[in-house]
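These notes concern the structure reproduced below.
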Amino acid sequence: MEYTGAEIVCESLLKEGVEVIFGLPGGAVLPFYGALSGYPQLRHILVRHEQAAAMAADGYARATGKVGVCTATSGPGATNLVTGIAGAMMDSIPMVAITGQVPRPAIGRDAFQETDITGITLPITKHNMLVMDVDDIAPAIKEAFYIAQSGRPGPVLLDIPKDVLAGDRRPFVWPESIDLQGYEPPGEADEIQLNQAVELINQAERPVIMAGHGILISHAYAELRELAEKAQIPVITTLLGISSFPTDHFLHTGMPGMHGMAYASLAIDKADLLISLGMRFDDRVTGRLSDFAPNAKVVHVDVDPSEFHKNVKATVPVLGNLKQVLKQMLPLVDRKTHVEWLQYIDTLRAEHPSLYIRQTDELLPQFVMKQLSDITEGNSIIVTGVGQHQMWAAQHYAYKEPNSLLTSGGLGAMGFEVPAALGAKVGRPDKTVWSIAGDGGFQMTLCDLATAVENNIDVKFAILNNGTLGMVHQWQEFFYDKDFFATVYSGNPDFVKLAEAYGITGIRVTDKAQVDAAIRQAMETPGPVVVDFIVKQDEQVYPMIPAGESVNEIMEEPIPERIF
Amino acid sequence: MNGNGRHHTIIALVQDRPGVLTRVAGLFRRRGFNISSLAVGNSEQKGLSRMTFVVDGDQYTVDQATRQLDKLIEVVKVANISEEEIVSRELALIKVKVTPETRGEILEMVNPFRAEIVDVGAKSMVIEVTGSGDKIQALYGLLEPFGVLELMRTGRVAMVRGQSEARVSDDLVLDYHGDHLKVNEVYEVGSY
Ligand SMILES: Cc1ncc(C[n+]2csc(CCOP(=O)(O)OP(=O)(O)O)c2C)c(N)n1
Ligand SMILES: [Mg+2]
């Protein structure tokens with residue numbers, strides 16, 4: 001049998017086990033869509049904006065660990081993917097984006113809807129390719145999927161000219177292997193590095209584990225838990241590392257950094273060893289580098305050697321696949337108790353109750369998150385936007401299962417909450433998916449509520465509606481003389497009516513007493529639901545370490561009476 | 001100069017694919033690394049090119065540059081050879097003004113540099129010289145008073161002496177040799 005380029009794309013995607021593609025068509029990519037209609041095994045989800053296609057693919061990838069696939073036409077279609085691709089790059093998300101390009105003879109002539117998307121995405125993809133020959137399609141797709149999901153994952157973009165998609169028919173040949181001379185993802189760690197690392201771990205008196213996204217990416221939760229329990233080491237989880245270790249575990253010591261738990265940051269401050277696993281010392285984690293972990297040596301395990309010494313000098317860098325490295329390490333690590341150190345951390349927890357929610361009749365956003373956590377028993381997948389609600393979602397939800405917090409960490413892209421939640425639900429139909437939205441972010445991508453309706457994607461949307469660009473408002477409060485310029489939304493729509501306009505149930509909550517019932521009603525209602533929580537304005541996220549400062553400058557919420 | 005100075009020599013073996021040069025150049029630009037020279041050409045292996053970069057910066061910068069380069073899919077091997085025993089060469093073409101009176105003087109001057117006269121015109125000649133950057137600079141300095149009409153220089157090409165193949169990504173150095181303080185530099189990044 002013979003196939004067009006577009007059919008070869010479809011055949012190749014089937015070989016890669018793709019189940020779903022998020023996209024929106026246009027002229028240059030039409031031959032692909034023409035072929036797709038003949039491949040019902042490849043579910044296509046039509047979005048309202050290409051940014052949603054990329055972010056849905058991202059959410060799907062985070063929730064399932066598989067490669068997320070999105071597609072768009074040339075020019076504006078392709079450029080609309082850009083924010084979603086950049087987010088996937090920053091957070092190491094396996095994604096393949098396929099864009100149509102103008103026909104080969106038109107390239108370079110400023111043809112209608114021609115943009116150099118491989119040029120544009122050069123710095124925000126792990127790799128990209130302009131596929132100029134039909135015979136290159138199958139190998140390019142095989143390479144793209146391999147690159148996207150191996151080593152440190154990331155997005156790969158394939159730009160395929162229309163005439164390559166539509167050209168002559170030929171047999172489909174799926175390459176047996178790929179030859180990427182310059183690319184070899186690390187596996188097991190070198191013995192020397194490993195032994196040095198183990199020696200530091202066995203000698204440490206005040207060690208902490210800093211677990212990052214790498215634990216989730218390499219499926220190393222069991223190994224992480226074993227390491228922590230064997231040597232009785234407290235585990236701090238970075239924002240993207242949340243859910244790599246059970247929140248209710250007695251060794252779990254919270255998120256560090258700017259809006260992390262004060263006790264986590266203080267533990268790092270006192271620690272004599274950081275065991276940093278698949279994390280990259282982002283500035284939100286470290287604050288001022290010269291004051292970060294001043295007493296600690298650092299064992300840094302990562303699959304990407306460029307992370308070593310980039311922000312924090314590693315005493316012992318260990319290059320390798322995290323799961324494999326931990327497996328190598330476990331038998332060599334001594335059983336320990338670290339009683340004094342754990343007791344000390346307990347004192348910190350008692351003295352700095354960072355998760356305290358004050359008693360008030362007002363509807364606090366933290367309270368909403370706490371109730372949601374209790375009612376769902378920490379078993380939902382939580383997808384957030386960016387801002388205050390994101391931090392409250394990170395702080396007050398007791399995540400139980402791996403990959404249950406999906407959040408735009410590195411890029412911090414508002415609008416992530418809607419499409420990424422759709423992608424997550426498509427990938428994990430068995431789970432309850434809650435989108436925790438800001439009123440600002442929700443309005444960036446709410447057009448894709450229609451996508452939820454059309455495809456019956458059962459996501460529950462909780463808007464923590466403070467009528468402001470809350471996080472920026474908070475910075476103005478603290479650092480810009482309370483000059484609340486351009487951060488108050490005085491003309492927000494009625495989100496309940498808006499939901500109804502889409503044919504979705506909308507519920508408004510203005511009172512504390514209504515919170516539980518609204519959450520339960522949303523979960524009992526089949527299909528997507530929007531719950532508009534009108535929360536207190538001017539609420540600040542605590543604790544806060546101001547940008548570029550250290551734990552010594554931490555701001556904690558004033559607590560009326562000390563509670564222990 | 002050696003690895004502690006401001007100039008570092010990095011060589012890379014890269015796949016000969018469209019856009020590789022853009023990828024490499026883009027990486028240097030966006031990470032804020034300064035390339036002071038770059039030379040590219042075929043290597044002894046089919047489908048692979050060799051690049052020689054001279055990079056300005058301290059050890060931190062060069063370590064990062066090497067590791068980031070190594071991450072590019074099309075980069076097969078990278079090595080910072082600044083600490084090695086290397087042979088390195090640059091080439092320059094210098095078009096200099098001549099008159100019947102100066103001709104002899106110039107020819108004499110050029111001789112010890114083992115430079116060649118590759119073109120002779122009525123009022124000018126073109127001199128080709130290869131060697132270290134310093135040597136080229138020295139000849140240029142001597143010729144300048146006569147009036148240099150045009151100067152064209154290549155980037156440096158370099159190779160490790162003896163048997164050793166270039167030190168490379170398979171055993172990419174993981175330790176940090178730079179100034180600790182550079183890593184811990186005080187800075188504030190962004191906001192929300
Ligand atoms: C696309 C994008 N634009 C701007 C910002 C800067 N920013 C960060 S948080 C924030 C406010 C977000 O408001 P909202 O979604 O209502 O969340 P809240 O902080 O109020 O919970 C803004 C504008 C961003 N992160 N992303
Ligand atoms: Mg808001």
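Labeling convention for the structure tokens: chains A, B, ... as they appear, residues from 1 per chain, ligands from 1 in order of appearance.
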
Expected answer as a ChimeraX atom specification: chain A residues within 6 Å of chain B, only C-alpha atoms: /A:181-183,288-290,306,311,547-548

With C-alpha atoms retained, write the just-selected residues as a short mmCIF file (atom, residue, chain, number, x, y, z; two decimals), in the first residue's frame.
data_model
loop_
_atom_site.label_atom_id
_atom_site.label_comp_id
_atom_site.auth_asym_id
_atom_site.auth_seq_id
_atom_site.Cartn_x
_atom_site.Cartn_y
_atom_site.Cartn_z
CA GLN A 181 25.18 10.28 17.24
CA GLY A 182 25.26 13.28 19.49
CA TYR A 183 22.53 12.23 21.88
CA ARG A 288 19.75 35.06 47.42
CA LEU A 289 22.33 32.46 46.45
CA SER A 290 25.07 33.65 48.74
CA SER A 306 24.39 21.51 32.59
CA ASN A 311 23.14 28.07 40.31
CA ALA A 547 12.77 38.04 45.56
CA GLY A 548 16.54 38.09 45.96
#

From region 65-196 of chain A, collect each residue whose DSSP state is helix (DSSP H, G or I) and return the set as a VMD selection string. chain A and resid 76 to 90 104 to 106 117 to 120 122 to 124 134 to 149 162 to 166 191 to 196

Would you mind listing the residues within 6 Å of ligand 1, counting only C-alpha atoms and all ligand atoms, as number ranges by chain?
A: 386-389, 412-414, 438-441, 466, 468-472; B: 192

ask   = When DSSP works through the backbone of this structure, what residues of region 25-183 of chain B end up as strand (DSSP E), shown as a PyMOL selection string?
value = chain B and resi 34-42+48-56+75-80+86-97+116-120+124-131+148-153+157-160

One-decimal distance in Å that lies between CA of Val418 (chain A) and CA of Met523 (chain A):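 These two atoms are separated by 17.2 Å.
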
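Of the listed residues A:Ala462, A:Met544, A:Lys497, A:Leu251, the one whose atoms come nearest to ligand 2 is A:Ala462, with distances taken using only C-alpha atoms and all ligand atoms.
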
Write out, as JSON lines, each residue of region 266-286 of chain A that has an atom at most 12 Å from region 347-361 of chain A, together with the closest pair of atoms and their distance in Å to one decimal, counting only C-alpha atoms, rows going by chain and rising number.
{"residue": "A:Leu266", "atom": "CA", "partner": "A:Leu348", "partner_atom": "CA", "distance": 7.6}
{"residue": "A:Ala267", "atom": "CA", "partner": "A:Leu348", "partner_atom": "CA", "distance": 8.0}
{"residue": "A:Ile268", "atom": "CA", "partner": "A:Leu348", "partner_atom": "CA", "distance": 11.6}
{"residue": "A:Asp269", "atom": "CA", "partner": "A:Leu348", "partner_atom": "CA", "distance": 11.7}
{"residue": "A:Lys270", "atom": "CA", "partner": "A:Leu348", "partner_atom": "CA", "distance": 11.0}

How would the residues just picked look written out with all heavy atoms as an mmCIF file, in the first residue's frame?
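As a result, result23.cif now contains:
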data_model
loop_
_atom_site.group_PDB
_atom_site.id
_atom_site.type_symbol
_atom_site.label_atom_id
_atom_site.label_comp_id
_atom_site.auth_asym_id
_atom_site.auth_seq_id
_atom_site.Cartn_x
_atom_site.Cartn_y
_atom_site.Cartn_z
ATOM 1 N N LEU A 266 13.877 27.024 56.684
ATOM 2 C CA LEU A 266 14.756 27.069 57.862
ATOM 3 C C LEU A 266 15.543 25.763 58.007
ATOM 4 O O LEU A 266 16.698 25.776 58.436
ATOM 5 C CB LEU A 266 13.933 27.344 59.127
ATOM 6 C CG LEU A 266 13.405 28.779 59.197
ATOM 7 C CD1 LEU A 266 12.268 28.897 60.214
ATOM 8 C CD2 LEU A 266 14.518 29.773 59.539
ATOM 9 N N ALA A 267 14.930 24.644 57.626
ATOM 10 C CA ALA A 267 15.646 23.372 57.678
ATOM 11 C C ALA A 267 16.815 23.388 56.697
ATOM 12 O O ALA A 267 17.920 22.935 57.018
ATOM 13 C CB ALA A 267 14.695 22.215 57.369
ATOM 14 N N ILE A 268 16.573 23.940 55.516
ATOM 15 C CA ILE A 268 17.651 24.041 54.523
ATOM 16 C C ILE A 268 18.782 24.909 55.070
ATOM 17 O O ILE A 268 19.966 24.624 54.893
ATOM 18 C CB ILE A 268 17.112 24.629 53.201
ATOM 19 C CG1 ILE A 268 16.164 23.636 52.541
ATOM 20 C CG2 ILE A 268 18.242 25.005 52.253
ATOM 21 C CD1 ILE A 268 15.405 24.186 51.353
ATOM 22 N N ASP A 269 18.377 25.968 55.759
ATOM 23 C CA ASP A 269 19.344 26.901 56.326
ATOM 24 C C ASP A 269 20.272 26.197 57.333
ATOM 25 O O ASP A 269 21.445 26.518 57.431
ATOM 26 C CB ASP A 269 18.572 28.031 57.006
ATOM 27 C CG ASP A 269 19.437 29.238 57.255
ATOM 28 O OD1 ASP A 269 20.053 29.715 56.279
ATOM 29 O OD2 ASP A 269 19.517 29.686 58.418
ATOM 30 N N LYS A 270 19.733 25.255 58.075
ATOM 31 C CA LYS A 270 20.511 24.574 59.120
ATOM 32 C C LYS A 270 21.163 23.280 58.638
ATOM 33 O O LYS A 270 22.046 22.727 59.310
ATOM 34 C CB LYS A 270 19.595 24.220 60.310
ATOM 35 C CG LYS A 270 19.195 25.410 61.171
ATOM 36 C CD LYS A 270 20.366 25.872 62.035
ATOM 37 C CE LYS A 270 20.028 27.117 62.830
ATOM 38 N NZ LYS A 270 19.608 28.266 61.986
#

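Every protein or nucleic acid residue with an atom no more than 10 Å from Met391 (chain A), counting only C-alpha atoms and leaving out same-chain residues fewer than 6 positions away, appears here: A:Leu239, A:Met258, A:His259, A:Gly260, A:Gln366, A:Thr384, A:Gly385, A:Thr407, A:Met471, A:Val541, A:Tyr542.
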
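With only C-alpha atoms and all ligand atoms as the atoms that count, the minimum distance from ligand 2 to the choices A:Thr451, A:Gln474, A:Asn552, A:Thr505 is reached by A:Gln474.
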
- Task: Excluding region 42-57 of chain B and any residue of its chain fewer than 5 positions from it, enumerate the residues within 9 Å of it, using only C-alpha atoms, and give them as number ranges by chain.
- Result: B: 5-17, 33-37, 62, 65, 76, 155-159

Filtering to C-alpha atoms, could you give me those residues as an mmCIF file, in the first residue's frame?
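File result.cif, as written:
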data_model
loop_
_atom_site.group_PDB
_atom_site.id
_atom_site.type_symbol
_atom_site.label_atom_id
_atom_site.label_comp_id
_atom_site.auth_asym_id
_atom_site.auth_seq_id
_atom_site.Cartn_x
_atom_site.Cartn_y
_atom_site.Cartn_z
ATOM 1 C CA GLY B 5 42.570 33.549 31.169
ATOM 2 C CA ARG B 6 39.773 35.279 29.373
ATOM 3 C CA HIS B 7 40.098 33.348 26.089
ATOM 4 C CA HIS B 8 39.070 29.732 25.909
ATOM 5 C CA THR B 9 39.272 27.402 22.966
ATOM 6 C CA ILE B 10 36.398 25.003 22.538
ATOM 7 C CA ILE B 11 36.107 22.512 19.734
ATOM 8 C CA ALA B 12 32.964 20.705 18.724
ATOM 9 C CA LEU B 13 32.156 17.924 16.311
ATOM 10 C CA VAL B 14 28.703 18.566 14.869
ATOM 11 C CA GLN B 15 26.378 16.879 12.428
ATOM 12 C CA ASP B 16 26.258 18.535 9.075
ATOM 13 C CA ARG B 17 22.605 19.497 9.043
ATOM 14 C CA PHE B 33 28.350 33.900 26.094
ATOM 15 C CA ASN B 34 30.672 35.941 23.965
ATOM 16 C CA ILE B 35 32.198 34.275 20.913
ATOM 17 C CA SER B 36 35.318 36.095 19.860
ATOM 18 C CA SER B 37 35.915 33.833 16.893
ATOM 19 C CA VAL B 62 33.003 28.369 29.670
ATOM 20 C CA ALA B 65 28.902 27.014 27.381
ATOM 21 C CA VAL B 76 28.310 14.953 18.758
ATOM 22 C CA GLY B 155 38.700 32.487 13.234
ATOM 23 C CA ARG B 156 41.109 30.241 15.064
ATOM 24 C CA VAL B 157 41.272 26.554 14.221
ATOM 25 C CA ALA B 158 42.783 24.306 16.839
ATOM 26 C CA MET B 159 43.748 20.714 17.494
#

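Near region 109-112 of chain A, within 10 Å and counting only C-alpha atoms, sit Gly27, Ala28, Ser74, Gly75, Val102, Pro103, Pro105, Ala106, Ile107, Glu114, Thr115 and Asp116 of chain A, not including residues fewer than 2 positions from it in the same chain.
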
Any chance you can output those residues with all heavy atoms as a compact mmCIF listing (two decimals), in the first residue's frame?
# COMPACT_ATOMS: atom_id res chain seq x y z
N GLY A 27 -4.96 26.27 6.41
CA GLY A 27 -4.55 25.92 5.05
C GLY A 27 -3.36 24.98 4.95
O GLY A 27 -3.45 23.91 4.35
N ALA A 28 -2.27 25.35 5.58
CA ALA A 28 -1.03 24.61 5.35
C ALA A 28 -1.06 23.21 5.95
O ALA A 28 -0.36 22.31 5.50
CB ALA A 28 0.16 25.39 5.92
N SER A 74 0.33 26.75 9.70
CA SER A 74 1.50 27.63 9.62
C SER A 74 1.17 29.01 10.19
O SER A 74 0.03 29.27 10.57
CB SER A 74 1.93 27.77 8.17
OG SER A 74 0.93 28.47 7.46
N GLY A 75 2.14 29.89 10.22
CA GLY A 75 1.90 31.29 10.58
C GLY A 75 1.26 31.46 11.94
O GLY A 75 1.80 31.01 12.95
N VAL A 102 4.13 26.52 4.73
CA VAL A 102 3.78 26.80 3.34
C VAL A 102 4.56 25.83 2.44
O VAL A 102 5.57 25.27 2.84
CB VAL A 102 4.11 28.27 2.97
CG1 VAL A 102 3.31 29.22 3.85
CG2 VAL A 102 5.61 28.56 3.08
N PRO A 103 4.06 25.58 1.21
CA PRO A 103 4.73 24.62 0.34
C PRO A 103 6.20 25.00 0.09
O PRO A 103 6.54 26.19 0.10
CB PRO A 103 3.94 24.71 -0.97
CG PRO A 103 2.63 25.33 -0.60
CD PRO A 103 2.89 26.19 0.59
N PRO A 105 8.20 25.42 -2.45
CA PRO A 105 8.61 26.49 -3.37
C PRO A 105 8.30 27.89 -2.83
O PRO A 105 8.90 28.87 -3.26
CB PRO A 105 7.78 26.22 -4.63
CG PRO A 105 7.27 24.83 -4.49
CD PRO A 105 7.20 24.53 -3.03
N ALA A 106 7.38 27.97 -1.86
CA ALA A 106 6.99 29.29 -1.34
C ALA A 106 7.85 29.72 -0.16
O ALA A 106 7.84 30.89 0.24
CB ALA A 106 5.52 29.26 -0.93
N ILE A 107 8.61 28.78 0.41
CA ILE A 107 9.41 29.11 1.60
C ILE A 107 10.45 30.18 1.29
O ILE A 107 11.14 30.11 0.27
CB ILE A 107 10.09 27.84 2.18
CG1 ILE A 107 9.03 26.92 2.79
CG2 ILE A 107 11.14 28.21 3.23
CD1 ILE A 107 9.58 25.62 3.35
N GLU A 114 3.32 32.48 6.14
CA GLU A 114 4.63 31.88 6.34
C GLU A 114 5.29 32.52 7.56
O GLU A 114 5.42 33.74 7.61
CB GLU A 114 5.53 32.10 5.11
CG GLU A 114 6.93 31.52 5.34
CD GLU A 114 7.93 31.78 4.20
OE1 GLU A 114 7.58 32.47 3.23
OE2 GLU A 114 9.06 31.29 4.33
N THR A 115 5.64 31.73 8.54
CA THR A 115 6.56 32.23 9.57
C THR A 115 7.60 31.15 9.80
O THR A 115 7.31 29.97 9.68
CB THR A 115 5.90 32.50 10.94
OG1 THR A 115 5.09 31.40 11.28
CG2 THR A 115 5.11 33.77 10.97
N ASP A 116 8.77 31.59 10.16
CA ASP A 116 9.87 30.67 10.40
C ASP A 116 9.70 30.09 11.80
O ASP A 116 10.32 30.54 12.75
CB ASP A 116 11.19 31.46 10.27
CG ASP A 116 12.38 30.64 10.69
OD1 ASP A 116 12.26 29.40 10.82
OD2 ASP A 116 13.45 31.24 10.90

Non-local contacts of Ala228 (chain A) (10 Å; only C-alpha atoms; under 4 positions in same chain excluded) as a ChimeraX atom specification:
/A:208-209,222-224,232-235,245,251-252,330,335-336
